[in-house]
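Visitor: Let me begin by handing over the structure; questions about it come next.
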Amino acid sequence: MRTAVYNLQGARIGEIDLLDAIFARKWNPDLVHQAYLAQVANRRKSLAHTKGRSEVRGGGRKPWRQKGTGRARHGSIRSPLWRGGGVTHGPTKEKEYGKKINKKMKRGALHSLLSKKLADQELRIVDSLKINSPKTKELYITLKNFLAQPKNYKNLSTLLIPTADNKKIFRASANIPKVESLSADALNVEAILKYKNVLID
């Protein structure tokens, strides 16, 4: 399939051939949702942790003898029955929240999402995303003009995918709210869903 190519001034300067296998896929929301959940779950860290009876301090000695006291038998003051004892069935840091997703499914979700963005005219191909200097103001003005946003517009919501040798744009986009630069090999479903516009060099 063919699509338009733009310059940073927002003018259409030509066309480019795109692979149908990537940019003409059928929209599959279920697969995209599954890939998104897997990505979020695999990033999740297990922080909540309660100590069991083997982890709490103390309790090495039997509190009283087994028989003859008239009281219930106990082997440790750090039993879950005691105040200050271990917690039964509490959250532990060993719990794994990760979800497995096949490479083919992950790739299919990414291609389906890129095709959807292109069909909705939210993905555009730019001839070059190179800027003269790594200045936030320069990139902000460029994006505002490219997306034809009003003067007081502060939410550009744009994902920039520059070439590997374009290092300045990463620094320039760091301080603009809801604007992120991401290398092509790090492209993922969550990043594309997070931003309204996608500009590819």
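Within each chain, counting starts at residue 1; across the structure tokens, chains are named A, B, ... in the order shown, with ligands numbered 1 upward in that order.
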Can you check which residues of range 24-180 of chain A DSSP gives as strand (DSSP E or B) on the backbone and send them as a list in words?
Guide: Leu123, Arg124, Ile125, Val126, Thr158, Leu159, Leu160, Ile161, Val179 and Glu180 of chain A
Visitor: For the residues in that selection, give me N, CA and C atoms as a compact mmCIF listing (two decimals), in the first residue's frame.
Guide:
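In the end it all went to out38.txt:
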```txt
# COMPACT_ATOMS: atom_id res chain seq x y z
N LEU A 123 -1.28 8.11 12.26
CA LEU A 123 0.11 7.74 12.02
C LEU A 123 0.55 8.40 10.72
N ARG A 124 1.68 9.12 10.79
CA ARG A 124 2.17 9.80 9.60
C ARG A 124 3.66 9.51 9.41
N ILE A 125 4.04 9.43 8.15
CA ILE A 125 5.44 9.21 7.79
C ILE A 125 6.06 10.57 7.49
N VAL A 126 7.18 10.88 8.15
CA VAL A 126 7.87 12.16 7.98
C VAL A 126 9.20 11.89 7.29
N THR A 158 2.06 12.95 21.35
CA THR A 158 2.72 12.46 20.14
C THR A 158 3.85 11.50 20.50
N LEU A 159 3.92 10.41 19.76
CA LEU A 159 5.02 9.46 19.86
C LEU A 159 5.91 9.63 18.64
N LEU A 160 7.19 9.93 18.87
CA LEU A 160 8.15 10.14 17.79
C LEU A 160 9.03 8.90 17.65
N ILE A 161 9.19 8.43 16.43
CA ILE A 161 10.04 7.27 16.17
C ILE A 161 11.12 7.71 15.18
N VAL A 179 4.78 13.89 25.17
CA VAL A 179 5.55 13.69 23.95
C VAL A 179 6.73 12.79 24.31
N GLU A 180 6.92 11.74 23.54
CA GLU A 180 7.99 10.77 23.84
C GLU A 180 8.66 10.34 22.55
```
Visitor: Can you tell me which residues surround range 135-151 of chain A at a distance of at most 12 Å, considering only C-alpha atoms, apart from same-chain residues fewer than 2 positions away, and format the answer as JSON, numbers by chain?
Guide: {"A": [6, 7, 8, 9, 10, 11, 12, 121, 122, 123, 124, 126, 129, 130, 131, 132, 133, 153, 154, 155, 156, 157, 158, 159, 160, 168, 169, 170, 171, 172, 173, 174, 175, 176, 177, 178, 179, 180, 181, 196, 197, 198, 199]}
Visitor: Using only C-alpha atoms, which of the listed residues (A:Asn102, A:Ser79, A:Asn28, A:Asn166) sits closest to Ala184 in chain A?
Guide: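 Going through A:Asn102, A:Ser79, A:Asn28, A:Asn166 one by one, the smallest distance to Ala184 in chain A is for A:Asn166.
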Visitor: Do you have the CA of Asp127 in chain A-CA of Lys26 in chain A distance handy?
Guide: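 These atoms are spaced 26.5 Å apart.
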Visitor: As an exercise, work out the distance from CA of Ala4 in chain A to CA of Ile16 in chain A in Å and give it to one decimal place.
Guide: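 Interatomic distance here is 6.3 Å.
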Visitor: Report the residues of range 60-194 of chain A whose backbone DSSP state falls under helix (DSSP H, G or I), written as a PyMOL selection string.
Guide: chain A and resi 103-119+136-146+168-172+184-186+189-194
Visitor: Would you please work out which residue, of A:Gly98, A:Met1, A:Ser54, A:Arg65, is nearest to Ile22 in chain A when using only C-alpha atoms?
Guide: A:Met1
Visitor: Please measure the separation of CA of His74 in chain A and CA of Lys62 in chain A, giving the value in Å to one decimal.
Guide: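 A separation of 6.9 Å between them.
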Visitor: Which residue, A:Gln34, A:Glu15, A:Gly60, A:Arg25, has the smallest gap to Met105 in chain A when you use only C-alpha atoms?
Guide: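 Residue with the minimum atom-to-atom distance to Met105 in chain A: A:Gln34.
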Visitor: Out of A:Lys116, A:Lys95, A:Lys106, A:Lys100, which residue has the shortest atom-to-atom distance to Ser46 in chain A when counting only C-alpha atoms?
Guide: A:Lys95
